[in-house]
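Below: final-v9.cif (mmCIF, C-alpha atoms)
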```cif
data_target
#
loop_
_atom_site.label_atom_id
_atom_site.label_comp_id
_atom_site.auth_asym_id
_atom_site.auth_seq_id
_atom_site.Cartn_x
_atom_site.Cartn_y
_atom_site.Cartn_z
CA MET A 182 0.00 0.00 0.00
CA SER A 183 1.39 3.40 -0.97
CA ILE A 184 1.40 6.23 1.53
CA PHE A 185 -1.27 8.04 -0.50
CA GLN A 186 -3.51 4.97 -0.36
CA LYS A 187 -2.98 4.86 3.40
CA ILE A 188 -3.86 8.54 3.68
CA ASP A 189 -7.04 8.05 1.67
CA LEU A 190 -8.02 5.00 3.72
CA ASN A 191 -7.62 7.03 6.90
CA LYS A 192 -9.53 9.92 5.35
CA SER A 193 -12.44 7.63 4.50
CA ALA A 194 -12.60 6.46 8.11
CA ILE A 195 -12.54 10.04 9.43
CA ASP A 196 -15.08 11.20 6.82
CA ARG A 197 -17.68 8.89 8.33
CA TYR A 198 -17.75 11.28 11.29
CA ARG A 199 -18.29 14.33 9.11
CA PRO A 200 -19.66 16.88 8.92
CA PHE A 201 -18.06 18.20 12.08
CA GLU A 202 -20.47 20.73 13.54
CA GLY A 203 -21.06 22.89 16.58
CA GLU A 204 -18.78 22.35 19.55
CA MET A 205 -16.95 19.48 17.85
CA LEU A 206 -15.99 21.70 14.91
CA LYS A 207 -14.82 24.44 17.28
CA GLN A 208 -12.70 22.00 19.27
CA ILE A 209 -11.03 20.62 16.12
CA ARG A 210 -10.26 24.06 14.68
CA ASP A 211 -8.94 25.33 18.01
CA TYR A 212 -6.82 22.20 18.43
CA TYR A 213 -5.04 22.70 15.10
CA ARG A 214 -4.96 26.48 15.48
CA VAL A 215 -2.72 26.10 18.51
CA GLY A 216 -0.68 23.21 17.11
CA THR A 217 0.06 24.73 13.71
CA THR A 218 0.79 28.16 15.19
CA TRP A 219 3.17 26.82 17.82
CA SER A 220 5.03 24.44 15.52
CA SER A 221 5.32 26.82 12.56
CA ASN A 222 6.73 29.58 14.75
CA ALA A 223 8.99 27.21 16.66
CA ILE A 224 10.61 26.05 13.42
CA GLU A 225 11.62 29.68 12.85
CA GLY A 226 13.11 30.09 16.34
CA ASN A 227 10.15 31.38 18.34
CA THR A 228 10.58 29.95 21.86
CA LEU A 229 6.97 30.15 23.02
CA THR A 230 5.89 26.71 24.21
CA GLU A 231 2.74 25.05 22.96
CA SER A 232 1.05 25.79 26.32
CA GLU A 233 2.11 29.44 26.16
CA THR A 234 0.80 29.66 22.60
CA LYS A 235 -2.53 28.20 23.70
CA ILE A 236 -2.88 30.69 26.55
CA LEU A 237 -2.01 33.56 24.24
CA LEU A 238 -4.41 32.55 21.46
CA GLU A 239 -7.33 31.37 23.56
CA ASP A 240 -7.13 33.56 26.66
CA GLY A 241 -5.34 36.61 25.30
CA LEU A 242 -2.74 36.47 28.05
CA THR A 243 0.81 37.48 27.14
CA VAL A 244 3.88 35.62 28.34
CA GLY A 245 6.42 37.48 30.45
CA GLY A 246 10.13 37.34 29.69
CA LYS A 247 9.73 36.63 25.97
CA PRO A 248 10.37 39.07 23.09
CA LEU A 249 7.29 41.00 22.01
CA ARG A 250 7.85 39.78 18.45
CA TYR A 251 7.09 36.23 19.57
CA THR A 252 3.69 37.38 20.79
CA TYR A 253 3.00 39.16 17.49
CA GLU A 254 4.05 36.07 15.56
CA ALA A 255 1.63 33.86 17.47
CA ILE A 256 -1.29 36.29 17.27
CA GLY A 257 -0.64 37.01 13.60
CA HIS A 258 -0.43 33.33 12.72
CA GLY A 259 -3.70 32.74 14.54
CA LYS A 260 -5.38 35.44 12.42
CA ALA A 261 -3.97 33.98 9.22
CA TYR A 262 -5.14 30.50 10.30
CA ASP A 263 -8.68 31.82 10.81
CA TYR A 264 -8.62 33.45 7.37
CA MET A 265 -7.48 30.16 5.86
CA PHE A 266 -10.79 28.59 6.87
CA THR A 267 -12.80 31.30 5.09
CA LEU A 268 -11.34 29.84 1.86
CA LEU A 269 -12.43 26.31 2.70
CA ASP A 270 -15.05 26.10 -0.06
CA SER A 271 -12.84 27.57 -2.78
CA ASP A 272 -11.14 25.27 -5.26
CA THR A 273 -8.14 27.48 -5.91
CA VAL A 274 -5.53 29.65 -4.22
CA THR A 275 -4.91 33.12 -5.63
CA THR A 276 -2.11 35.63 -5.23
CA GLU A 277 -4.64 37.80 -3.40
CA ASN A 278 -5.15 34.97 -0.88
CA ILE A 279 -1.39 34.68 -0.43
CA LEU A 280 -0.96 38.42 0.11
CA THR A 281 -3.78 38.41 2.67
CA LEU A 282 -2.32 35.46 4.58
CA HIS A 283 1.02 37.21 4.83
CA LYS A 284 -0.51 40.56 5.78
CA LEU A 285 -2.51 39.02 8.61
CA PHE A 286 0.52 37.18 9.93
CA TYR A 287 3.08 39.95 9.49
CA TYR A 288 1.24 43.25 10.03
CA ASP A 289 2.02 43.72 13.72
CA ILE A 290 5.65 42.78 13.10
CA ASP A 291 6.33 45.04 10.11
CA ALA A 292 3.28 46.85 8.74
CA GLU A 293 5.18 48.39 5.82
CA ASN A 294 6.20 45.01 4.39
CA ALA A 295 3.09 43.04 5.34
CA GLY A 296 1.22 41.67 2.36
CA VAL A 297 3.54 43.16 -0.27
CA TRP A 298 6.22 41.57 -2.40
CA ARG A 299 9.75 42.22 -1.23
CA LYS A 300 11.59 45.18 -2.71
CA GLN A 301 15.11 43.80 -2.41
CA PRO A 302 17.01 40.62 -3.30
CA VAL A 303 17.25 37.89 -0.67
CA PHE A 304 19.94 35.37 0.18
CA ILE A 305 19.39 32.47 2.57
CA SER A 306 22.27 31.21 4.68
CA GLY A 307 23.05 27.57 4.02
CA SER A 308 21.40 27.67 0.60
CA ASP A 309 22.91 28.27 -2.82
CA CYS A 310 19.47 28.84 -4.34
CA VAL A 311 19.22 32.00 -6.45
CA PHE A 312 15.84 33.56 -5.74
CA PRO A 313 13.97 35.80 -8.22
CA LEU A 314 14.76 39.50 -8.21
CA PRO A 315 12.05 41.88 -6.92
CA GLU A 316 11.13 42.99 -10.43
CA GLU A 317 10.45 39.36 -11.38
CA LEU A 318 8.02 38.62 -8.54
CA ASP A 319 4.79 39.74 -10.22
CA GLU A 320 5.48 37.41 -13.13
CA LYS A 321 6.63 34.51 -10.95
CA MET A 322 3.61 34.72 -8.67
CA ALA A 323 1.25 34.99 -11.65
CA GLU A 324 2.87 31.83 -13.02
CA LEU A 325 2.34 30.11 -9.68
CA GLU A 326 -1.33 31.10 -9.64
CA SER A 327 -1.73 29.76 -13.18
CA TRP A 328 -0.02 26.49 -12.18
CA ILE A 329 -2.42 26.12 -9.26
CA LYS A 330 -5.45 26.57 -11.51
CA THR A 331 -4.33 24.34 -14.37
CA GLU A 332 -2.27 21.60 -12.69
CA ARG A 333 -3.96 20.95 -9.35
CA GLY A 334 -6.14 18.14 -10.61
CA LYS A 335 -3.14 16.20 -11.92
CA TYR A 336 -1.79 15.40 -8.44
CA HIS A 337 -2.95 13.68 -5.31
CA PRO A 338 -4.08 16.52 -2.98
CA VAL A 339 -1.26 15.85 -0.51
CA GLU A 340 1.35 15.81 -3.27
CA PHE A 341 -0.07 19.03 -4.67
CA ALA A 342 0.07 20.72 -1.26
CA ALA A 343 3.73 19.73 -0.89
CA LEU A 344 4.64 20.93 -4.39
CA LEU A 345 2.85 24.24 -3.76
CA HIS A 346 4.99 24.70 -0.67
CA LEU A 347 8.20 24.02 -2.60
CA LYS A 348 7.32 26.31 -5.49
CA PHE A 349 6.34 29.15 -3.15
CA VAL A 350 9.43 29.06 -0.93
CA THR A 351 11.64 28.90 -4.02
CA ILE A 352 10.10 32.15 -5.26
CA HIS A 353 10.45 33.59 -1.73
CA PRO A 354 8.29 36.62 -2.51
CA PHE A 355 8.28 38.29 0.93
CA ILE A 356 11.08 39.93 2.86
CA ASP A 357 10.29 37.63 5.82
CA GLY A 358 7.65 35.11 6.83
CA ASN A 359 7.91 32.98 3.68
CA GLY A 360 8.19 29.69 5.56
CA ARG A 361 5.16 30.33 7.73
CA THR A 362 3.15 31.50 4.73
CA ALA A 363 4.20 28.38 2.84
CA ARG A 364 3.02 26.13 5.67
CA LEU A 365 -0.29 27.98 5.78
CA LEU A 366 -0.64 27.51 2.01
CA THR A 367 0.09 23.81 2.36
CA ASN A 368 -2.66 23.47 4.92
CA LEU A 369 -5.05 25.61 2.91
CA ALA A 370 -4.60 23.30 -0.07
CA LEU A 371 -5.19 20.28 2.17
CA ILE A 372 -8.34 21.48 3.95
CA GLN A 373 -9.88 22.62 0.65
CA LYS A 374 -9.83 18.97 -0.40
CA GLY A 375 -11.09 17.59 2.91
CA TYR A 376 -7.72 16.56 4.34
CA LEU A 377 -6.43 17.53 7.77
CA PRO A 378 -3.82 20.24 8.38
CA VAL A 379 -0.26 19.01 8.81
CA ILE A 380 1.86 19.98 11.77
CA VAL A 381 5.63 19.93 11.19
CA PRO A 382 7.17 19.14 14.60
CA PRO A 383 10.16 21.39 15.38
CA VAL A 384 12.19 18.25 16.14
CA TYR A 385 12.07 17.55 12.37
CA ARG A 386 13.36 21.02 11.50
CA LEU A 387 16.61 19.79 9.92
CA ASP A 388 14.84 17.11 7.88
CA TYR A 389 12.25 19.64 6.75
CA TYR A 390 14.83 22.16 5.58
CA GLY A 391 17.00 19.44 4.09
CA CYS A 392 14.17 18.29 1.84
CA ILE A 393 13.53 21.88 0.71
CA ARG A 394 17.23 22.44 -0.03
CA LEU A 395 17.29 19.22 -2.08
CA TYR A 396 14.49 20.57 -4.26
CA GLN A 397 16.12 23.99 -4.60
CA SER A 398 19.52 22.57 -5.52
CA ARG A 399 18.56 19.54 -7.64
CA GLY A 400 14.85 19.92 -8.42
CA GLU A 401 14.19 16.73 -6.42
CA ALA A 402 10.70 17.00 -4.89
CA SER A 403 9.95 13.39 -3.91
CA ARG A 404 11.58 13.51 -0.47
CA PHE A 405 9.63 16.60 0.55
CA VAL A 406 6.39 15.11 -0.80
CA GLN A 407 7.06 11.99 1.27
CA PHE A 408 7.84 14.14 4.31
CA ILE A 409 4.54 16.06 4.08
CA ALA A 410 2.64 12.84 3.42
CA GLU A 411 4.12 11.33 6.59
CA GLN A 412 3.02 14.35 8.62
CA GLU A 413 -0.49 14.03 7.18
CA VAL A 414 -0.60 10.42 8.33
CA GLU A 415 0.47 11.50 11.82
CA THR A 416 -2.26 14.13 11.92
CA GLN A 417 -4.82 11.55 10.80
CA LYS A 418 -3.65 9.08 13.45
CA GLU A 419 -4.08 11.73 16.13
CA MET A 420 -7.56 12.60 14.87
CA MET A 421 -8.55 8.93 14.81
CA ARG A 422 -7.26 8.58 18.37
CA LEU A 423 -9.39 11.53 19.45
CA LEU A 424 -12.44 10.14 17.64
CA GLN A 425 -11.64 6.60 18.86
CA ILE A 426 -11.53 5.19 15.31
CA ASN A 427 -9.85 1.89 14.53
CA VAL A 428 -8.77 1.19 10.95
#
```
Structure encoded using structure tokens:
Amino acid sequence: MSIFQKIDLNKSAIDRYRPFEGEMLKQIRDYYRVGTTWSSNAIEGNTLTESETKILLEDGLTVGGKPLRYTYEAIGHGKAYDYMFTLLDSDTVTTENILTLHKLFYYDIDAENAGVWRKQPVFISGSDCVFPLPEELDEKMAELESWIKTERGKYHPVEFAALLHLKFVTIHPFIDGNGRTARLLTNLALIQKGYLPVIVPPVYRLDYYGCIRLYQSRGEASRFVQFIAEQEVETQKEMMRLLQINV
């Protein structure tokens, strides 16, 4: 059995409990709101714990002794996560959606650069990838939007979500926050097709970045696709545990 067959088998089991409504729906969204926010920020060096992130997002209580930026990153990611679910019934992802996701996440950190393409070249330490110049970004992002519209149906939804992530981070259109926006886009693509959001545990940070670097240096996407597929399986297993489903 391939990993995609396993994912779809798990999805079928979970789908029998759909539609999630009322308090159940709220609990599920809140559960992944905290988990995705904490993990995505932690990968980038934010030291808020998962418990601190939960208190901040759900109770509005700030954490003493931590940089204010960490608070803004958590609150901003929570807003972007909520916006992601307003696009649940759409069958595409537009550049406007991407700009809005970034603006919501980044506005309290740097209002001037929130939701706008970067105005300067970028270089990433540890990577020899040459990213597009600022004047190329409109064209590159238009090409990405066209790829989403025309090619999405050719891939398994989990594979598509992973490829979208790779293509986006290789364009690197924002001055900062590209990784977190990419992970939000991955999850947006997944939930639009009825799959669960993936959480990339910070302990897998080196593997995660290694798979991205492999794509950027050699064009090899399969390892990252496998990585995202494995995280989807883990999310499904956790959901089945919560719903007490045996497959």
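Nearest to His353 (chain A) of all the residues A:Glu401, A:Leu423, A:Gln301, A:Leu371 is A:Gln301, counting only C-alpha atoms.
For the point (5.7, 23.8, 7.6) in file coordinates, the residues within 8 Å, using all atoms listed in the file, are A:Ser220, A:Ser221, A:Ile224, A:Gly360, A:Arg361, A:Ala363, A:Arg364, A:Leu365, A:Thr367, A:Val379, A:Ile380, A:Val381, A:Tyr389.
Nearest residue to Gly226 (chain A) among A:Val297, A:Val339, A:Val384, A:Ile256 is A:Val384, counting only C-alpha atoms.
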All residues 9 Å or closer to Val274 (chain A), only C-alpha atoms, same chain fewer than 3 positions away omitted, as a PyMOL selection string: chain A and resi 268+271+277-279+326+329-330+366+369-370
For region 202-213 of chain A: contacts at 9 Å, only C-alpha atoms, fewer than 2 positions along chain excluded, given as a ChimeraX atom specification: /A:199-200,215-218,239,263,378-380,420
Of the listed residues A:Met182, A:Val311, A:Ile356, A:Leu249, that which approaches His283 (chain A) most closely, counting only C-alpha atoms: A:Ile356
Distance in Å - CA of Leu285 (chain A) versus CA of Gly259 (chain A): 8.7 Å
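The spacing separating CA of Ala295 (chain A) from CA of Leu377 (chain A) amounts to 27.3 Å.
The nearest approach to Gln407 (chain A) among the residues A:Leu325, A:Cys392, A:Met421, A:Leu269, with only C-alpha atoms taken into account, belongs to A:Cys392.
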CA of Arg386 (chain A) to CA of Phe312 (chain A), straight-line distance in Å: 21.5 Å
Selected residue of minimal separation from Lys284 (chain A) among A:Asn359, A:Thr252, A:Gln397, A:Thr230, counting only C-alpha atoms: A:Asn359
Residue among A:Lys192, A:Ser183, A:Val350, A:Gln373 lying closest to Lys418 (chain A), counting only C-alpha atoms: A:Lys192
Residue contacts of Gly257 (chain A) (12 Å, all atoms listed in the file) excluding same-chain residues fewer than 2 positions away, as a PyMOL selection string: chain A and resi 214+218-219+221-222+234+237-238+250-255+259-264+281-292+295+358+361-362+365
Output check: residues returned by the PyMOL selection byres ((chain A and resi 315) around 8), as a list in words: Trp298, Arg299, Lys300, Gln301, Pro302, Pro313, Leu314, Glu316, Glu317, Leu318 and Pro354 of chain A
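At a cut-off of 10 Å from (2.0, 9.0, 2.7), the residue set is Met182, Ser183, Ile184, Phe185, Gln186, Lys187, Ile188, Asp189, Val339, Glu340, Val406, Gln407, Phe408, Ile409, Ala410, Glu411, Gln412, Glu413, Val414 and Glu415 of chain A (counting all atoms listed in the file).
The protein and nucleic acid residues lying at most 10 Å from Leu424 (chain A) are Ile195, Tyr198, Lys418 and Glu419 of chain A, with all atoms listed in the file considered and sequence neighbours fewer than 5 positions away removed.
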